[in-house]
$ cat query_27.cif   # mmCIF, C-alpha atoms and all ligand atoms
data_structure
loop_
_atom_site.group_PDB
_atom_site.id
_atom_site.type_symbol
_atom_site.label_atom_id
_atom_site.label_comp_id
_atom_site.auth_asym_id
_atom_site.auth_seq_id
_atom_site.Cartn_x
_atom_site.Cartn_y
_atom_site.Cartn_z
ATOM 1 C CA MET A 1 -5.444 14.701 13.752
ATOM 2 C CA ALA A 2 -4.423 12.333 11.042
ATOM 3 C CA GLY A 3 -4.467 9.342 13.324
ATOM 4 C CA ALA A 4 -8.193 9.628 13.777
ATOM 5 C CA LEU A 5 -8.641 8.461 10.222
ATOM 6 C CA LEU A 6 -6.270 5.559 10.277
ATOM 7 C CA SER A 7 -8.785 3.272 11.917
ATOM 8 C CA ASP A 8 -12.268 3.380 13.296
ATOM 9 C CA THR A 9 -10.982 3.803 16.813
ATOM 10 C CA ARG A 10 -9.484 7.068 18.022
ATOM 11 C CA PHE A 11 -6.350 7.517 20.066
ATOM 12 C CA ALA A 12 -6.830 6.478 23.640
ATOM 13 C CA SER A 13 -4.319 9.055 24.826
ATOM 14 C CA THR A 14 -2.823 12.330 23.649
ATOM 15 C CA PRO A 15 0.744 11.998 22.312
ATOM 16 C CA PRO A 16 3.349 13.910 24.346
ATOM 17 C CA ALA A 17 4.323 17.345 23.081
ATOM 18 C CA ASP A 18 8.068 16.907 23.425
ATOM 19 C CA LEU A 19 8.584 14.668 20.431
ATOM 20 C CA GLY A 20 12.030 14.438 18.925
ATOM 21 C CA PRO A 21 12.945 15.021 15.278
ATOM 22 C CA ALA A 22 11.076 12.798 12.857
ATOM 23 C CA ASP A 23 14.158 10.825 11.937
ATOM 24 C CA LEU A 24 15.001 9.948 15.523
ATOM 25 C CA GLY A 25 11.771 8.337 16.625
ATOM 26 C CA PRO A 26 8.024 8.329 16.244
ATOM 27 C CA ALA A 27 6.595 11.737 15.415
ATOM 28 C CA ASP A 28 3.135 13.041 14.658
ATOM 29 C CA PHE A 29 2.041 13.603 11.096
ATOM 30 C CA GLY A 30 1.778 17.372 11.016
ATOM 31 C CA PRO A 31 1.201 20.230 8.584
ATOM 32 C CA ALA A 32 4.784 20.052 7.309
ATOM 33 C CA ASP A 33 4.155 16.466 6.241
ATOM 34 C CA PHE A 34 1.195 17.554 4.170
ATOM 35 C CA GLY A 35 3.598 19.903 2.374
ATOM 36 C CA LEU A 36 6.113 17.112 1.926
ATOM 37 C CA ALA A 37 3.385 14.907 0.472
ATOM 38 C CA ASP A 38 2.547 17.655 -2.016
ATOM 39 C CA ALA A 39 6.181 17.670 -3.133
ATOM 40 C CA LEU A 40 6.323 13.882 -3.302
ATOM 41 C CA ALA A 41 3.230 13.841 -5.505
ATOM 42 C CA ARG A 42 5.554 14.808 -8.354
ATOM 43 C CA LEU A 43 6.996 11.283 -8.153
ATOM 44 C CA CYS A 44 3.584 9.641 -8.579
ATOM 45 C CA ARG A 45 1.449 8.614 -11.544
ATOM 46 C CA PRO A 46 -2.339 8.322 -11.403
ATOM 47 C CA VAL A 47 -3.997 4.944 -10.886
ATOM 48 C CA PRO A 48 -7.070 4.639 -13.122
ATOM 49 C CA PRO A 49 -10.408 3.289 -11.878
ATOM 50 C CA SER A 50 -11.190 -0.291 -12.876
ATOM 51 C CA GLY A 51 -12.932 -0.625 -16.217
ATOM 52 C CA PRO A 52 -12.194 -1.512 -19.832
ATOM 53 C CA GLY A 53 -8.426 -1.686 -20.286
ATOM 54 C CA VAL A 54 -7.790 -1.545 -16.511
ATOM 55 C CA CYS A 55 -7.462 -4.640 -14.298
ATOM 56 C CA ALA A 56 -10.520 -5.110 -12.097
ATOM 57 C CA LEU A 57 -8.261 -6.160 -9.201
ATOM 58 C CA CYS A 58 -4.930 -4.347 -9.259
ATOM 59 C CA HIS A 59 -5.677 -1.509 -11.711
ATOM 60 C CA GLY A 60 -2.791 -2.599 -13.912
ATOM 61 C CA CYS A 61 -3.133 -3.444 -17.570
ATOM 62 C CA PRO A 62 -4.977 -6.601 -18.717
ATOM 63 C CA ARG A 63 -4.722 -8.099 -22.171
ATOM 64 C CA PRO A 64 -7.376 -6.701 -24.497
ATOM 65 C CA GLY A 65 -10.753 -8.253 -23.754
ATOM 66 C CA PHE A 66 -9.802 -9.500 -20.267
ATOM 67 C CA ALA A 67 -11.173 -8.088 -17.014
ATOM 68 C CA THR A 68 -8.043 -8.806 -14.979
ATOM 69 C CA CYS A 69 -4.364 -8.795 -15.811
ATOM 70 C CA TRP A 70 -2.489 -12.037 -16.353
ATOM 71 C CA SER A 71 -0.783 -11.823 -12.942
ATOM 72 C CA CYS A 72 -3.990 -11.338 -10.986
ATOM 73 C CA ALA A 73 -5.687 -14.190 -12.849
ATOM 74 C CA ARG A 74 -2.713 -16.470 -12.174
ATOM 75 C CA VAL A 75 -2.476 -15.548 -8.490
ATOM 76 C CA ALA A 76 -6.232 -15.994 -8.043
ATOM 77 C CA GLY A 77 -5.975 -19.434 -9.618
ATOM 78 C CA GLN A 78 -3.095 -20.411 -7.341
ATOM 79 C CA LEU A 79 -4.733 -19.209 -4.132
ATOM 80 C CA GLY A 80 -8.384 -19.936 -4.826
ATOM 81 C CA TRP A 81 -9.238 -16.684 -3.057
ATOM 82 C CA VAL A 82 -7.869 -13.147 -3.395
ATOM 83 C CA CYS A 83 -8.614 -9.887 -1.646
ATOM 84 C CA PRO A 84 -10.896 -8.178 -4.149
ATOM 85 C CA LEU A 85 -9.917 -4.645 -3.165
ATOM 86 C CA VAL A 86 -6.403 -3.626 -4.189
ATOM 87 C CA VAL A 87 -5.923 0.141 -4.038
ATOM 88 C CA PRO A 88 -2.468 1.301 -5.147
ATOM 89 C CA MET A 89 -1.615 4.900 -4.424
ATOM 90 C CA SER A 90 0.527 5.370 -7.523
ATOM 91 C CA LEU A 91 1.766 3.569 -10.590
ATOM 92 C CA TYR A 92 5.465 3.598 -11.408
ATOM 93 C CA VAL A 93 8.026 2.144 -13.771
ATOM 94 C CA VAL A 94 11.474 0.864 -12.880
ATOM 95 C CA ARG A 95 14.285 3.436 -12.819
ATOM 96 C CA SER A 96 11.802 6.223 -12.031
ATOM 97 C CA PRO A 97 12.051 8.537 -8.989
ATOM 98 C CA LEU A 98 9.333 6.617 -7.100
ATOM 99 C CA HIS A 99 11.064 3.324 -7.860
ATOM 100 C CA ASP A 100 14.290 4.806 -6.549
ATOM 101 C CA CYS A 101 12.557 5.915 -3.357
ATOM 102 C CA LEU A 102 10.903 2.528 -2.825
ATOM 103 C CA ARG A 103 14.273 0.813 -3.233
ATOM 104 C CA ARG A 104 16.376 3.255 -1.237
ATOM 105 C CA TYR A 105 14.260 3.015 1.884
ATOM 106 C CA LYS A 106 15.115 -0.681 2.002
ATOM 107 C CA ASP A 107 18.526 -0.984 0.438
ATOM 108 C CA ALA A 108 20.449 2.320 0.518
ATOM 109 C CA ALA A 109 23.922 1.861 1.955
ATOM 110 C CA ARG A 110 23.690 4.963 4.142
ATOM 111 C CA GLN A 111 21.326 4.986 7.086
ATOM 112 C CA ASP A 112 20.394 8.667 6.627
ATOM 113 C CA SER A 113 19.467 7.958 3.006
ATOM 114 C CA ARG A 114 17.281 5.030 4.077
ATOM 115 C CA ARG A 115 15.610 7.201 6.708
ATOM 116 C CA ARG A 116 14.866 10.029 4.283
ATOM 117 C CA ALA A 117 13.386 7.591 1.767
ATOM 118 C CA ALA A 118 11.413 5.864 4.546
ATOM 119 C CA ARG A 119 9.971 9.216 5.587
ATOM 120 C CA SER A 120 8.860 9.778 1.989
ATOM 121 C CA VAL A 121 7.184 6.373 1.858
ATOM 122 C CA THR A 122 5.346 6.839 5.148
ATOM 123 C CA THR A 123 4.374 10.413 4.274
ATOM 124 C CA LEU A 124 2.750 9.243 1.062
ATOM 125 C CA LEU A 125 1.031 6.408 2.893
ATOM 126 C CA VAL A 126 -0.382 8.538 5.711
ATOM 127 C CA ARG A 127 -1.519 11.239 3.340
ATOM 128 C CA PHE A 128 -3.269 8.610 1.213
ATOM 129 C CA LEU A 129 -5.009 7.006 4.188
ATOM 130 C CA VAL A 130 -6.083 10.393 5.515
ATOM 131 C CA ASP A 131 -7.399 11.639 2.189
ATOM 132 C CA HIS A 132 -8.893 8.360 0.978
ATOM 133 C CA GLY A 133 -9.780 6.419 4.094
ATOM 134 C CA ASP A 134 -13.431 7.090 3.398
ATOM 135 C CA CYS A 135 -13.035 5.770 -0.145
ATOM 136 C CA LEU A 136 -11.591 2.555 1.245
ATOM 137 C CA ARG A 137 -14.315 2.222 3.880
ATOM 138 C CA THR A 138 -17.060 2.857 1.332
ATOM 139 C CA ALA A 139 -15.641 0.398 -1.199
ATOM 140 C CA ALA A 140 -15.056 -2.278 1.435
ATOM 141 C CA GLY A 141 -18.278 -1.626 3.288
ATOM 142 C CA THR A 142 -16.375 -1.480 6.577
ATOM 143 C CA GLY A 143 -13.472 0.158 8.367
ATOM 144 C CA TRP A 144 -10.450 -1.584 9.811
ATOM 145 C CA ASP A 145 -9.160 -2.330 13.272
ATOM 146 C CA TYR A 146 -5.476 -1.982 12.437
ATOM 147 C CA LEU A 147 -2.852 -1.925 9.711
ATOM 148 C CA SER A 148 -0.575 -4.827 9.009
ATOM 149 C CA THR A 149 2.416 -5.243 6.708
ATOM 150 C CA VAL A 150 3.525 -8.053 4.424
ATOM 151 C CA PRO A 151 6.709 -9.781 5.575
ATOM 152 C CA SER A 152 9.557 -10.300 3.161
ATOM 153 C CA SER A 153 9.235 -13.336 0.933
ATOM 154 C CA THR A 154 12.984 -13.495 0.368
ATOM 155 C CA GLY A 155 15.778 -14.127 2.825
ATOM 156 C CA ARG A 156 15.559 -10.725 4.500
ATOM 157 C CA THR A 157 15.597 -11.178 8.244
ATOM 158 C CA GLY A 158 14.598 -8.918 11.094
ATOM 159 C CA THR A 159 11.928 -6.227 11.016
ATOM 160 C CA HIS A 160 10.686 -5.533 7.507
ATOM 161 C CA PRO A 161 11.732 -2.036 6.334
ATOM 162 C CA LEU A 162 8.103 -0.954 5.924
ATOM 163 C CA GLU A 163 7.278 -2.007 9.472
ATOM 164 C CA ALA A 164 10.331 -0.073 10.659
ATOM 165 C CA ALA A 165 9.284 2.938 8.587
ATOM 166 C CA LEU A 166 5.773 2.881 10.060
ATOM 167 C CA GLY A 167 7.445 3.131 13.432
ATOM 168 C CA GLN A 168 8.691 6.613 12.521
ATOM 169 C CA VAL A 169 5.161 8.012 12.394
ATOM 170 C CA ARG A 170 3.258 7.901 15.644
ATOM 171 C CA GLU A 171 -0.151 7.480 14.021
ATOM 172 C CA LEU A 172 1.041 4.541 11.934
ATOM 173 C CA ALA A 173 3.083 2.954 14.687
ATOM 174 C CA ALA A 174 0.090 3.068 17.014
ATOM 175 C CA ARG A 175 -2.073 1.288 14.501
ATOM 176 C CA HIS A 176 0.273 -1.298 13.128
ATOM 177 C CA ARG A 177 0.134 -4.880 14.325
ATOM 178 C CA PRO A 178 2.469 -7.565 13.037
ATOM 179 C CA THR A 179 0.262 -10.498 12.130
ATOM 180 C CA LEU A 180 2.238 -12.591 9.682
ATOM 181 C CA CYS A 181 5.420 -14.575 9.426
ATOM 182 C CA ARG A 182 6.916 -16.471 6.529
ATOM 183 C CA GLY A 183 5.450 -19.916 5.988
ATOM 184 C CA PRO A 184 6.803 -22.997 4.249
ATOM 185 C CA GLY A 185 5.110 -22.407 0.877
ATOM 186 C CA ARG A 186 7.272 -21.323 -2.043
ATOM 187 C CA LEU A 187 6.755 -17.756 -3.189
ATOM 188 C CA GLY A 188 8.095 -16.152 -6.335
ATOM 189 C CA HIS A 189 7.483 -13.379 -8.816
ATOM 190 C CA THR A 190 4.256 -14.944 -10.061
ATOM 191 C CA ARG A 191 4.112 -17.804 -7.609
ATOM 192 C CA ALA A 192 1.583 -17.354 -4.822
ATOM 193 C CA SER A 193 1.021 -19.907 -2.087
ATOM 194 C CA VAL A 194 -1.656 -20.450 0.514
ATOM 195 C CA ASN A 195 1.194 -21.515 2.814
ATOM 196 C CA GLY A 196 3.547 -18.690 1.841
ATOM 197 C CA PHE A 197 2.708 -16.922 5.104
ATOM 198 C CA SER A 198 1.115 -17.917 8.354
ATOM 199 C CA THR A 199 -0.353 -15.861 11.138
ATOM 200 C CA CYS A 200 1.770 -15.290 14.221
ATOM 201 C CA ARG A 201 -1.096 -14.173 16.463
ATOM 202 C CA PRO A 202 -4.854 -14.730 16.634
ATOM 203 C CA VAL A 203 -6.640 -12.629 14.020
ATOM 204 C CA ASP A 204 -10.053 -14.300 13.931
ATOM 205 C CA GLY A 205 -12.701 -11.612 13.486
ATOM 206 C CA ASP A 206 -10.189 -8.792 13.015
ATOM 207 C CA ARG A 207 -10.558 -6.273 10.181
ATOM 208 C CA VAL A 208 -7.122 -5.766 8.697
ATOM 209 C CA LEU A 209 -5.862 -3.185 6.213
ATOM 210 C CA LEU A 210 -2.819 -4.708 4.560
ATOM 211 C CA VAL A 211 -0.280 -2.064 3.519
ATOM 212 C CA ASP A 212 2.759 -2.706 1.352
ATOM 213 C CA ASP A 213 5.419 -0.779 -0.487
ATOM 214 C CA THR A 214 5.197 -2.263 -3.956
ATOM 215 C CA PHE A 215 2.802 -4.459 -5.886
ATOM 216 C CA THR A 216 4.239 -6.294 -8.875
ATOM 217 C CA SER A 217 2.331 -9.502 -9.559
ATOM 218 C CA GLY A 218 0.417 -9.520 -6.294
ATOM 219 C CA ALA A 219 1.762 -12.995 -5.463
ATOM 220 C CA ARG A 220 3.314 -11.842 -2.195
ATOM 221 C CA ALA A 221 0.554 -9.502 -0.989
ATOM 222 C CA GLN A 222 -2.288 -11.804 -1.973
ATOM 223 C CA SER A 223 -0.570 -14.773 -0.320
ATOM 224 C CA ALA A 224 -0.382 -12.680 2.845
ATOM 225 C CA ALA A 225 -4.035 -11.702 2.494
ATOM 226 C CA ALA A 226 -4.961 -15.357 1.976
ATOM 227 C CA ALA A 227 -3.169 -16.349 5.185
ATOM 228 C CA LEU A 228 -5.119 -13.730 7.150
ATOM 229 C CA HIS A 229 -8.367 -14.732 5.453
ATOM 230 C CA ARG A 230 -7.772 -18.400 6.246
ATOM 231 C CA ALA A 231 -7.173 -17.488 9.883
ATOM 232 C CA GLY A 232 -10.535 -15.754 10.095
ATOM 233 C CA ALA A 233 -9.578 -12.118 9.550
ATOM 234 C CA GLN A 234 -11.367 -9.810 7.165
ATOM 235 C CA VAL A 235 -8.803 -8.299 4.807
ATOM 236 C CA VAL A 236 -10.439 -4.950 4.129
ATOM 237 C CA ALA A 237 -8.054 -3.994 1.316
ATOM 238 C CA ILE A 238 -4.479 -4.210 0.120
ATOM 239 C CA VAL A 239 -2.944 -0.740 -0.175
ATOM 240 C CA PRO A 240 0.448 -0.652 -1.896
ATOM 241 C CA VAL A 241 2.271 2.644 -2.280
ATOM 242 C CA GLY A 242 3.264 1.749 -5.831
ATOM 243 C CA ARG A 243 2.014 -0.677 -8.473
ATOM 244 C CA VAL A 244 4.834 -1.292 -10.954
ATOM 245 C CA ILE A 245 4.119 -1.229 -14.685
ATOM 246 C CA ASP A 246 6.374 -2.583 -17.443
ATOM 247 C CA PRO A 247 5.576 -0.655 -20.643
ATOM 248 C CA SER A 248 8.039 -2.814 -22.598
ATOM 249 C CA HIS A 249 5.900 -5.896 -21.927
ATOM 250 C CA SER A 250 3.552 -5.364 -24.867
ATOM 251 C CA PRO A 251 2.027 -2.645 -27.048
ATOM 252 C CA HIS A 252 -1.129 -2.503 -24.950
ATOM 253 C CA VAL A 253 0.828 -1.993 -21.710
ATOM 254 C CA SER A 254 2.894 0.644 -23.493
ATOM 255 C CA ALA A 255 -0.312 2.417 -24.563
ATOM 256 C CA TYR A 256 -1.753 2.066 -21.047
ATOM 257 C CA TRP A 257 1.365 3.713 -19.590
ATOM 258 C CA ALA A 258 1.420 6.465 -22.216
ATOM 259 C CA THR A 259 -2.109 7.397 -21.145
ATOM 260 C CA ARG A 260 -1.068 7.539 -17.469
ATOM 261 C CA VAL A 261 1.923 9.735 -18.311
ATOM 262 C CA SER A 262 -0.364 12.136 -20.137
ATOM 263 C CA GLU A 263 -2.542 12.498 -17.019
ATOM 264 C CA THR A 264 -1.837 14.669 -13.991
ATOM 265 C CA PHE A 265 -1.414 12.980 -10.620
ATOM 266 C CA ASP A 266 -3.681 14.434 -7.960
ATOM 267 C CA LEU A 267 -3.274 13.507 -4.277
ATOM 268 C CA GLY A 268 -6.962 14.256 -3.837
ATOM 269 C CA ARG A 269 -8.042 11.537 -6.231
ATOM 270 C CA CYS A 270 -7.671 7.754 -5.947
ATOM 271 C CA CYS A 271 -8.644 4.845 -8.156
ATOM 272 C CA LEU A 272 -11.879 4.476 -6.168
ATOM 273 C CA ASP A 273 -12.973 8.084 -6.763
ATOM 274 C CA GLY A 274 -15.348 8.667 -9.597
ATOM 275 C CA GLY A 275 -15.753 12.374 -9.229
ATOM 276 C CA ALA A 276 -14.080 15.465 -7.914
ATOM 277 C CA SER A 277 -10.732 15.700 -6.202
ATOM 278 C CA ARG A 278 -10.837 15.509 -2.408
ATOM 279 C CA SER A 279 -9.501 18.272 -0.181
ATOM 280 C CA PRO A 280 -6.328 17.492 1.784
ATOM 281 C CA GLY A 281 -7.156 15.722 5.015
ATOM 282 C CA ALA A 282 -10.832 15.944 4.234
ATOM 283 C CA GLY A 283 -12.966 14.931 7.118
ATOM 284 C CA SER A 284 -10.496 14.961 9.783
ATOM 285 C CA VAL A 285 -7.174 16.342 10.763
HETATM 286 ZN ZN ZN B 301 -4.196 -7.141 -11.976
HETATM 287 ZN ZN ZN B 302 -10.314 8.368 -2.937
#

$ encode --input "query_27.cif" --output "structure tokens"
Amino acid sequence: MAGALLSDTRFASTPPADLGPADLGPADFGPADFGLADALARLCRPVPPSGPGVCALCHGCPRPGFATCWSCARVAGQLGWVCPLVVPMSLYVVRSPLHDCLRRYKDAARQDSRRRAARSVTTLLVRFLVDHGDCLRTAAGTGWDYLSTVPSSTGRTGTHPLEAALGQVRELAARHRPTLCRGPGRLGHTRASVNGFSTCRPVDGDRVLLVDDTFTSGARAQSAAAALHRAGAQVVAIVPVGRVIDPSHSPHVSAYWATRVSETFDLGRCCLDGGASRSPGAGSV
């Protein structure tokens, strides 16, 4: 089953068969979810492999002649250390269907709308981890012990919406561990801080896959990764569902986006894949 791929350790017990509807509690990731992921793929745009014209860290768009984008360079300078493996599932622009989904799951006024959007976010995330877990393990040179999420850097209180969404999928819920809380350091759009987050439990020696909904400048996610790193954890990778692109920023970003729009998104391919598309659930379910 899908859960077998979400970490190196398999389920210790078999989930009960009498699970309720997916929107009422944790449910297994089943064949219907693979179909839903196929439908949701229409919202996604391909993330190119790192190389000329593609940021070596976040796969966004650097200025011509630079290996990393301005944001990644700035965040790396502020933190002194960044997680070198950032693997977004999709690119997106604001006011696109994926942007709408990634906002609605957090901010929609109606609870049923938030739940539907949350199911879309978790479906994309599970499908990505199932199909590309091996890519992540190969690139990182190791697997991970558990998933962790990035807390809000703003005034949002309570459980972060992504953590709540992970709780809807049994495989994700079983493998998620909250590790971070907000620290005293100031965080902003392009302001990272080594004290922006602190660990709320011992993580020394743990291998952590940091998952997030969106990646804009990386200030928030990399500050979270830095807090884990400082506490002795190995941050295997940062996996955001979407990396936002602003084509109006400059002609080269506009050209970068035009190229992505001309390409076909394929769930079986990630920005770490050099070759052929992977089969759904390859290796596992
Ligand atoms: Zn970058
Ligand atoms: Zn892959």

$ residues_near_ligand --input "query_27.cif" --ligand "ligand ZN 302 (chain B)" --cutoff "6 Å" --atoms "all atoms listed in the file" --output "PyMOL selection string"
chain A and resi 132+135+269-270+272-273

$ write_last_selection --input "query_27.cif" --atoms "C-alpha atoms" --output "PDB file, in the frame of the given file"
ATOM      1  CA  HIS A 132      -8.893   8.360   0.978  1.00  0.00           C
ATOM      2  CA  CYS A 135     -13.035   5.770  -0.145  1.00  0.00           C
ATOM      3  CA  ARG A 269      -8.042  11.537  -6.231  1.00  0.00           C
ATOM      4  CA  CYS A 270      -7.671   7.754  -5.947  1.00  0.00           C
ATOM      5  CA  LEU A 272     -11.879   4.476  -6.168  1.00  0.00           C
ATOM      6  CA  ASP A 273     -12.973   8.084  -6.763  1.00  0.00           C
TER       7      ASP A 273
END

$ residues_near_point --input "query_27.cif" --point "(-7.0, -1.7, -3.4)" --cutoff "8 Å" --atoms "only C-alpha atoms" --output "MDAnalysis selection string"
chainID A and resid 57:58 84:88 136 237:240

$ closest_residue --input "query_27.cif" --among "A:Ala227, A:Ala174, A:Leu187, A:Ala165" --to "Asp212 of chain A" --atoms "only C-alpha atoms"
A:Ala165

$ resolve_selection --input "query_27.cif" --expression "the PyMOL selection byres (((chain A and resi 180) around 12) and not hetatm)" --output "ChimeraX atom specification"
/A:147-153,159-160,163,176-179,181-183,195-203,208,210,220-221,223-229,231,233

$ write_last_selection --input "query_27.cif" --atoms "C-alpha atoms" --output "compact mmCIF listing (two decimals), in the coordinates of the input"
# COMPACT_ATOMS: atom_id res chain seq x y z
CA LEU A 147 -2.85 -1.92 9.71
CA SER A 148 -0.57 -4.83 9.01
CA THR A 149 2.42 -5.24 6.71
CA VAL A 150 3.52 -8.05 4.42
CA PRO A 151 6.71 -9.78 5.58
CA SER A 152 9.56 -10.30 3.16
CA SER A 153 9.24 -13.34 0.93
CA THR A 159 11.93 -6.23 11.02
CA HIS A 160 10.69 -5.53 7.51
CA GLU A 163 7.28 -2.01 9.47
CA HIS A 176 0.27 -1.30 13.13
CA ARG A 177 0.13 -4.88 14.32
CA PRO A 178 2.47 -7.56 13.04
CA THR A 179 0.26 -10.50 12.13
CA CYS A 181 5.42 -14.58 9.43
CA ARG A 182 6.92 -16.47 6.53
CA GLY A 183 5.45 -19.92 5.99
CA ASN A 195 1.19 -21.52 2.81
CA GLY A 196 3.55 -18.69 1.84
CA PHE A 197 2.71 -16.92 5.10
CA SER A 198 1.12 -17.92 8.35
CA THR A 199 -0.35 -15.86 11.14
CA CYS A 200 1.77 -15.29 14.22
CA ARG A 201 -1.10 -14.17 16.46
CA PRO A 202 -4.85 -14.73 16.63
CA VAL A 203 -6.64 -12.63 14.02
CA VAL A 208 -7.12 -5.77 8.70
CA LEU A 210 -2.82 -4.71 4.56
CA ARG A 220 3.31 -11.84 -2.19
CA ALA A 221 0.55 -9.50 -0.99
CA SER A 223 -0.57 -14.77 -0.32
CA ALA A 224 -0.38 -12.68 2.84
CA ALA A 225 -4.04 -11.70 2.49
CA ALA A 226 -4.96 -15.36 1.98
CA ALA A 227 -3.17 -16.35 5.18
CA LEU A 228 -5.12 -13.73 7.15
CA HIS A 229 -8.37 -14.73 5.45
CA ALA A 231 -7.17 -17.49 9.88
CA ALA A 233 -9.58 -12.12 9.55

$ resolve_selection --input "query_27.cif" --expression "the PyMOL selection byres (((chain A and resi 35) around 12) and not hetatm)" --output "PyMOL selection string"
chain A and resi 29-34+36-41+120+123-124+127+267+280-281

$ residues_near_ligand --input "query_27.cif" --ligand "ligand ZN 301 (chain B)" --cutoff "9 Å" --atoms "only C-alpha atoms and all ligand atoms" --output "list of chain:residue names"
A:Val54, A:Cys55, A:Ala56, A:Leu57, A:Cys58, A:His59, A:Gly60, A:Cys61, A:Pro62, A:Ala67, A:Thr68, A:Cys69, A:Trp70, A:Ser71, A:Cys72, A:Ala73, A:Val86, A:Ser217, A:Gly218

$ atom_distance --input "query_27.cif" --atom1 "atom CA of Ala258 of chain A" --atom2 "atom CA of Thr216 of chain A"
18.7 Å

$ atom_distance --input "query_27.cif" --atom1 "atom CA of Leu166 of chain A" --atom2 "atom CA of Gly188 of chain A"
25.2 Å

$ closest_residue --input "query_27.cif" --among "A:Arg45, A:Arg156, A:His249, A:Arg278" --to "Leu98 of chain A" --atoms "only C-alpha atoms"
A:Arg45
